[in-house]
Amino acid sequence: MKMKKVNWTEYAMLVALIVLIGIFSFTANAFLTRENILNILRQIAIMGICSVGMTMVIITGGIDLSVGSLVGVACVLGASLMAGGMHPVLAVLICLLVGAVIGLINGMLINIIGMFPMIATLATMTILRGVAYLISGGMPIYGLPNGFLFLGQGYMLGIPFPVIIMVLVFIFGYIVLNKTIFGRTVYGIGGNKEASRLSGVSVSKVIYKVYLLQGILGALAGVILLSRINSGQPTAGNSYEMDIITACVLGGTSVAGGEGKIRGVLIGVLFMGVLTNGMVLMDIQDYWQRVVKGLVLILAVALDNFSKKRRNAV
Amino acid sequence: MEKTKPILELKEIKKVYPGVTALNGVSIDFYPGEAHAICGENGAGKSTFIKCITGAIKPTEGRIVFKGEEVTDNSPLKSMDLGISAIYQEFNLIPFLSVAENIFYGNYPTRKGLVDFDKMEKESERILEYLGVDISVKTLVKDLSIGYQQIVEIAKSLVKDVKVLIMDEPSAPLTNNELKYLFEIVKKLKSDGVSIIYISHRLEEVFMLCEKISVLRDGNYVKSMDVADTTEEELIRTMVDRDLGEQYPEVPYKKSDKVLEVKNLTNKYVKDVSFSAYKGEILGFAGLVGAGRTEVMRAIFGADPIKTGEIILENQKIVNRTPKDGIQNGIGLLTEDRKTQGAILGMTIRENITYANLEGFSKGKFFVDQKKEMNDVTEYQKTLNIKTPSVEQKVKNLSGGNQQKVVLAKWLATNCKVLIFDEPTRGIDVGAKQEIYAIMKELVDAGKVVIMISSEMPELMCMSHRIIVMHEGRISGEILKSEATQEKILEMASH
């Protein structure tokens with residue numbers, strides 16, 4: 001027998017998502033068209049890919065602020081390699097490898113030096129953004145091979161290719177977190193690090209793997225973004241980490257660690273995508289969009305905390 | 001001598017929790033200038049009693065009378081205002097504040113809306129001088145030894161005019177030298193008319209410091225005695241007073257092959273510890289808090305590093321650098337503190353039980369075999385009688401006894417040859433205790449080695465075949481069940 005457990009936030013977010021879609025369908029004419037829906041999905045693909053890694057990081061009780069800068073580094077690095085004549089496949093692989101190394105470095109700062117994840121990745125966030133500017137000389141890099149553009153702009157069976165990759169990443173994340181031994185230890189470490197160590201879990205190994213995975217996914221998102229905008233921009237991925245963390249928290253991931261569901265995070269990512277898209281269609285000023293996103297985060301967490309309090313009071 | 005009036009009277013205090021009566025009509029009077037010990041086994045209701053006095057919990061029935069007037073709506077704030085203070089084993093000090101700031105914490109003297117540091121420091125110096133200690137009030141608390149920290153804790157209670165000072169196991173973390181200081185201070189406070197309520201497992205302290213002893217047993221008030229008219233043996237008899245045998249299963253001793261041998265184990269906490277454990281044996285470890293029992297086990301298991309020494313398991317030398325090594329070599333450690341080191345409270349019963357042996361529940365190299373997991377976990381839930389509607393329940397929703405059974409099941413699922421139980425029945429009710437004893441019996445019947453650390457004398461004496469006693473990081477004695485008495489063990493534990 002399988003027990004379905006309903007996470008209140010997840011449930012409420014699903015309802016909120018539907019309500020939001022309803023509102024935009026009436027207020028923004030172009031909203032509920034096939035064109036626009038595919039557009040939304042394409043827009044969230046990059047954030048969605050990163051959010052799977054971020055979910056795992058947050059479940060272990062950590063956080064990764066450096067992912068936005070990593071997207072930027074992968075974007076300009078891929079661009080400069082390909083502009084220099086390297087084969088796209090090789091260039092992408094090198095970017096993923098660099099992402100993996102950066103993830104390991106984050107892991108080392110946490111495991112070996114013992115830095116708090118927030119501080120460690122704050123440092124790497126700043127460093128990596130600097131690196132992105134250094135690689136590009138502060139200027140956009142053009143001259144990508146045409147074949148590479150499929151990654152970010154192509155379609156498969158009528159679906160944008162980045163969306164397919166995102167769906168695969170979500171399925172991968174779901175399987176890892178719910179079906180594997182590794183996934184179990186990710187939750188366990190976030191729930192109680194010392195009890196996990198005393199149960200024979202190699203805590204630092206798990207932390208390494210989680211940040212490694214996050215690094216690879218961040219780099220993957222970076223090269224997809226590169227392909228979509230068709231140029232290596234050193235500012236690419238700027239402040240993505242905030243939207244990604246917001247999506248995770250909206251999806252019911254607890255920043256205290258130990259709790260979080262991939263399913264919920266998918267809803268959180270969709271919510272953020274729909275909200276952004278709808279506001280753009282309604283011609284809401286960018287400044288106001290930021291205010292609204294922040295308010296939504298506060299509201300979601302407040303509702304969750306109140307409902308928890310009420311449940312505990314019974 | 002004419003009797004003075006009691007300063008604090010507790011009348012028919014009763015505290016009922018769902019399913020448990022923690023206190024059943026306890027009445028005790030406390031007099032000024034007197035140290036009054038509350039004695040009893042773990043679970044006798046001592047801490048519930050204390051919490052009723054400080055207002056941390058509300059008694060279901062009964063009255064508290066202070067200086068002849070009934071205290072209504074007792075709360076921690078109110079009792080403090082009346083002059084009732086309590087110091088606990090864990091201090092409530094703020095490490096990065098100075099001694100003076102800690103002493104006046106919450107009561108900062110002010111001048112024109114700002115903290116009057118001059119006054120605070122002068123007052124603090126006066127209090128410390130009264131207590132007879134010479135520490136700078138500007139020192140940060142984190143830089144003080146445990147003994148001095150405790151004095152700061154006492155000084156804190158003197159800021160307000162303290163009438164009743166409750167000391168809950170004050171001596172547990174202290175060294176012998178620090179103890180002498182503490183005793184001096186208690187004597188001084190007594191001579192100034194403060195009423196001391198003293199709780200300690202170290203009976204010799206009770207006899208040195210206190211005038212009166214009241215005994216609680218299973219939430220009931222048994223009797224009060226004058227220290228002058230009683231002996232340690234009589235006190236222990238009064239505290240325990242039951243047929244020790246009936247609560248415990250008969251575990252026949254069929255000592256056979258040596259399974260575990262520890263040779264000259266030394267690290268930061270323990271010195272030169274050597275012992276052996278045999279197949280089918282329950283080996284008990286006795287000692288006072290801080291004697292190093294837990295530390296020995298952690299070192300054997302791989303949770304703490306070893307400086308020198310050898311561990312030999314089934315004639316093979318093993319090295320456990322991490323708990324993972326320990327488990328792979330066949331050693332399991334059920335830790336003392338189940339909430340912080342044992343269970344993962346936010347995970348389900350199923351996830352907790354398989355957590356220490358996920359490889360044993362794997363499908364391929366990476367995946368969890370969820371079918372086997374479900375089967376085995378359901379089986380453990382039945383055999384250990386874990387009371388829950390579903391194994392998908394989160395462990396934090398279970399009672400202490402059931403949580404302990406989940407942690408126990410986790411170690412049973414590892415199939416270890418040597419299982420170390422550190423205070424396995426602390427804080428759980430009698431029924432669950434008996435079930436845990438029954439499991440220990442089954443384990444040794446199946447040829448495993450069980451090592452048990454316990455501070456509960458009856459449990460230790462009835463369950464163990466052999467008892468090793470520790471004192472200050474060393475083994476101070478060993479005794480067979482047939483020869484063991486509480487007096488002998490306590491004697492060995494304190495020297």
# chains A, B, ... in the order shown; residues from 1 in each chain; ligands from 1

$ select_by_dssp --residues "range 94-236 of chain B" --states "alpha helix (DSSP H)" --output "ChimeraX atom specification"
/B:99-103,117-131,146-159,176-191,203-209,232-236

$ interface_residues --of "chain B" --to "chain A" --cutoff "7 Å" --atoms "only C-alpha atoms" --output "PyMOL selection string"
chain B and resi 303+323-324+327+340-344+346+355-356+358+366-368

$ write_last_selection --atoms "N, CA and C atoms" --output "mmCIF file, in the first residue's frame"
data_model
loop_
_atom_site.group_PDB
_atom_site.id
_atom_site.type_symbol
_atom_site.label_atom_id
_atom_site.label_comp_id
_atom_site.auth_asym_id
_atom_site.auth_seq_id
_atom_site.Cartn_x
_atom_site.Cartn_y
_atom_site.Cartn_z
ATOM 1 N N ALA B 303 33.467 6.798 16.378
ATOM 2 C CA ALA B 303 32.904 8.149 16.382
ATOM 3 C C ALA B 303 33.911 9.179 16.879
ATOM 4 N N PRO B 323 32.365 6.021 12.039
ATOM 5 C CA PRO B 323 31.280 5.101 12.394
ATOM 6 C C PRO B 323 30.990 4.118 11.265
ATOM 7 N N LYS B 324 31.202 4.549 10.029
ATOM 8 C CA LYS B 324 30.969 3.653 8.899
ATOM 9 C C LYS B 324 31.856 2.408 9.013
ATOM 10 N N ILE B 327 30.483 0.120 11.768
ATOM 11 C CA ILE B 327 29.311 -0.666 11.366
ATOM 12 C C ILE B 327 29.741 -1.790 10.434
ATOM 13 N N THR B 340 19.217 13.894 19.409
ATOM 14 C CA THR B 340 20.232 14.596 18.636
ATOM 15 C C THR B 340 21.180 13.652 17.902
ATOM 16 N N GLN B 341 21.300 12.397 18.383
ATOM 17 C CA GLN B 341 22.276 11.513 17.753
ATOM 18 C C GLN B 341 21.689 10.209 17.219
ATOM 19 N N GLY B 342 20.481 9.895 17.661
ATOM 20 C CA GLY B 342 19.930 8.596 17.284
ATOM 21 C C GLY B 342 18.994 8.673 16.108
ATOM 22 N N ALA B 343 17.811 9.210 16.339
ATOM 23 C CA ALA B 343 16.796 9.218 15.295
ATOM 24 C C ALA B 343 16.915 10.463 14.437
ATOM 25 N N ILE B 344 16.418 10.363 13.201
ATOM 26 C CA ILE B 344 16.246 11.546 12.380
ATOM 27 C C ILE B 344 14.771 11.852 12.431
ATOM 28 N N GLY B 346 12.648 14.066 11.472
ATOM 29 C CA GLY B 346 11.817 14.475 10.348
ATOM 30 C C GLY B 346 11.608 13.365 9.322
ATOM 31 N N TYR B 355 18.244 3.092 7.817
ATOM 32 C CA TYR B 355 19.226 4.136 7.519
ATOM 33 C C TYR B 355 20.679 3.712 7.751
ATOM 34 N N ALA B 356 20.915 2.855 8.743
ATOM 35 C CA ALA B 356 22.302 2.478 9.032
ATOM 36 C C ALA B 356 22.765 1.306 8.178
ATOM 37 N N LEU B 358 21.751 0.890 4.524
ATOM 38 C CA LEU B 358 21.081 1.073 3.232
ATOM 39 C C LEU B 358 21.618 0.108 2.187
ATOM 40 N N PHE B 366 22.743 1.367 -6.787
ATOM 41 C CA PHE B 366 22.293 2.703 -6.419
ATOM 42 C C PHE B 366 20.919 2.773 -5.769
ATOM 43 N N PHE B 367 20.043 1.820 -6.089
ATOM 44 C CA PHE B 367 18.643 2.020 -5.731
ATOM 45 C C PHE B 367 18.265 1.356 -4.409
ATOM 46 N N VAL B 368 17.253 1.931 -3.774
ATOM 47 C CA VAL B 368 16.716 1.334 -2.568
ATOM 48 C C VAL B 368 15.680 0.294 -2.979
#

$ closest_residue --among "B:Lys417, B:Lys188, B:His471, B:His201" --to "Val296 in chain B" --atoms "only C-alpha atoms"
B:His471

$ residues_around --residues "Tyr278 in chain B" --least-positions-apart "5" --cutoff "12 Å" --atoms "only C-alpha atoms" --output "list in words"
Tyr253, Lys254, Lys255, Ser256, Asp257, Lys258, Val259, Leu260, Glu261, Val262, Leu283, Leu313, Glu314, Lys417, Val418, Val444, Gly447, Lys448, Val449, Val450, Ile451, His465 and Arg466 of chain B

$ residues_around --residues "Phe66 in chain B" --least-positions-apart "6" --cutoff "7 Å" --atoms "only C-alpha atoms" --output "PyMOL selection string"
chain B and resi 7-9

$ write_last_selection --atoms "N, CA and C atoms" --output "PDB file, in the first residue's frame"
ATOM      1  N   ILE B   7       9.663  28.067  54.618  1.00  0.00           N
ATOM      2  CA  ILE B   7       9.573  29.171  53.660  1.00  0.00           C
ATOM      3  C   ILE B   7       8.734  28.748  52.451  1.00  0.00           C
ATOM      4  N   LEU B   8       8.843  27.457  52.133  1.00  0.00           N
ATOM      5  CA  LEU B   8       8.128  26.978  50.947  1.00  0.00           C
ATOM      6  C   LEU B   8       7.452  25.661  51.282  1.00  0.00           C
ATOM      7  N   GLU B   9       6.147  25.598  51.026  1.00  0.00           N
ATOM      8  CA  GLU B   9       5.426  24.352  51.300  1.00  0.00           C
ATOM      9  C   GLU B   9       4.753  23.886  50.018  1.00  0.00           C
TER      10      GLU B   9
END

$ atom_distance --atom1 "CA of Glu392 in chain B" --atom2 "CA of Thr414 in chain B"
20.2 Å

$ atom_distance --atom1 "CA of Ala432 in chain B" --atom2 "CA of Gly401 in chain B"
5.6 Å

$ residues_around --residues "Ile84 in chain B" --least-positions-apart "3" --cutoff "10 Å" --atoms "only C-alpha atoms" --output "list in words"
Leu8, Ile53, Thr54, Gly55, Phe66, Pro76, Leu77, Lys78, Ser79, Met80, Asp81, Ser157, Lys160, Asp161, Val162, Lys163, Val164, Leu165, Ile166, Val194, Ser195 and Ile196 of chain B

$ residues_around --residues "Leu77 in chain A" --least-positions-apart "3" --cutoff "8 Å" --atoms "only C-alpha atoms" --output "PyMOL selection string"
chain A and resi 73-74+80-81+95+132+135-136+232

$ residues_around --residues "Asn220 in chain B" --least-positions-apart "4" --cutoff "12 Å" --atoms "only C-alpha atoms" --output "list in words"
Glu12, Ile13, Lys14, Lys15, Thr21, Ala22, Leu23, Asn24, Gly25, Val26, Ser27, Ile28, Cys39, Gly40, Glu41, Gly43, Ala44, Gly45, Lys46, Thr48, Phe49, Ser214, Val215, Leu216 and Met239 of chain B

$ closest_residue --among "A:Gly99, A:Gly107, A:Gly294, A:Gly138" --to "Val206 in chain A" --atoms "only C-alpha atoms"
A:Gly107

$ select_by_dssp --residues "range 229-436 of chain B" --states "strand (DSSP E)" --output "NGL selection string"
:B and (258-266 or 273-278 or 282-287 or 308-313 or 316-318 or 331-334 or 362-363 or 367-368 or 418-422)

$ atom_distance --atom1 "CA of Glu234 in chain B" --atom2 "CA of Gly287 in chain B"
20.9 Å
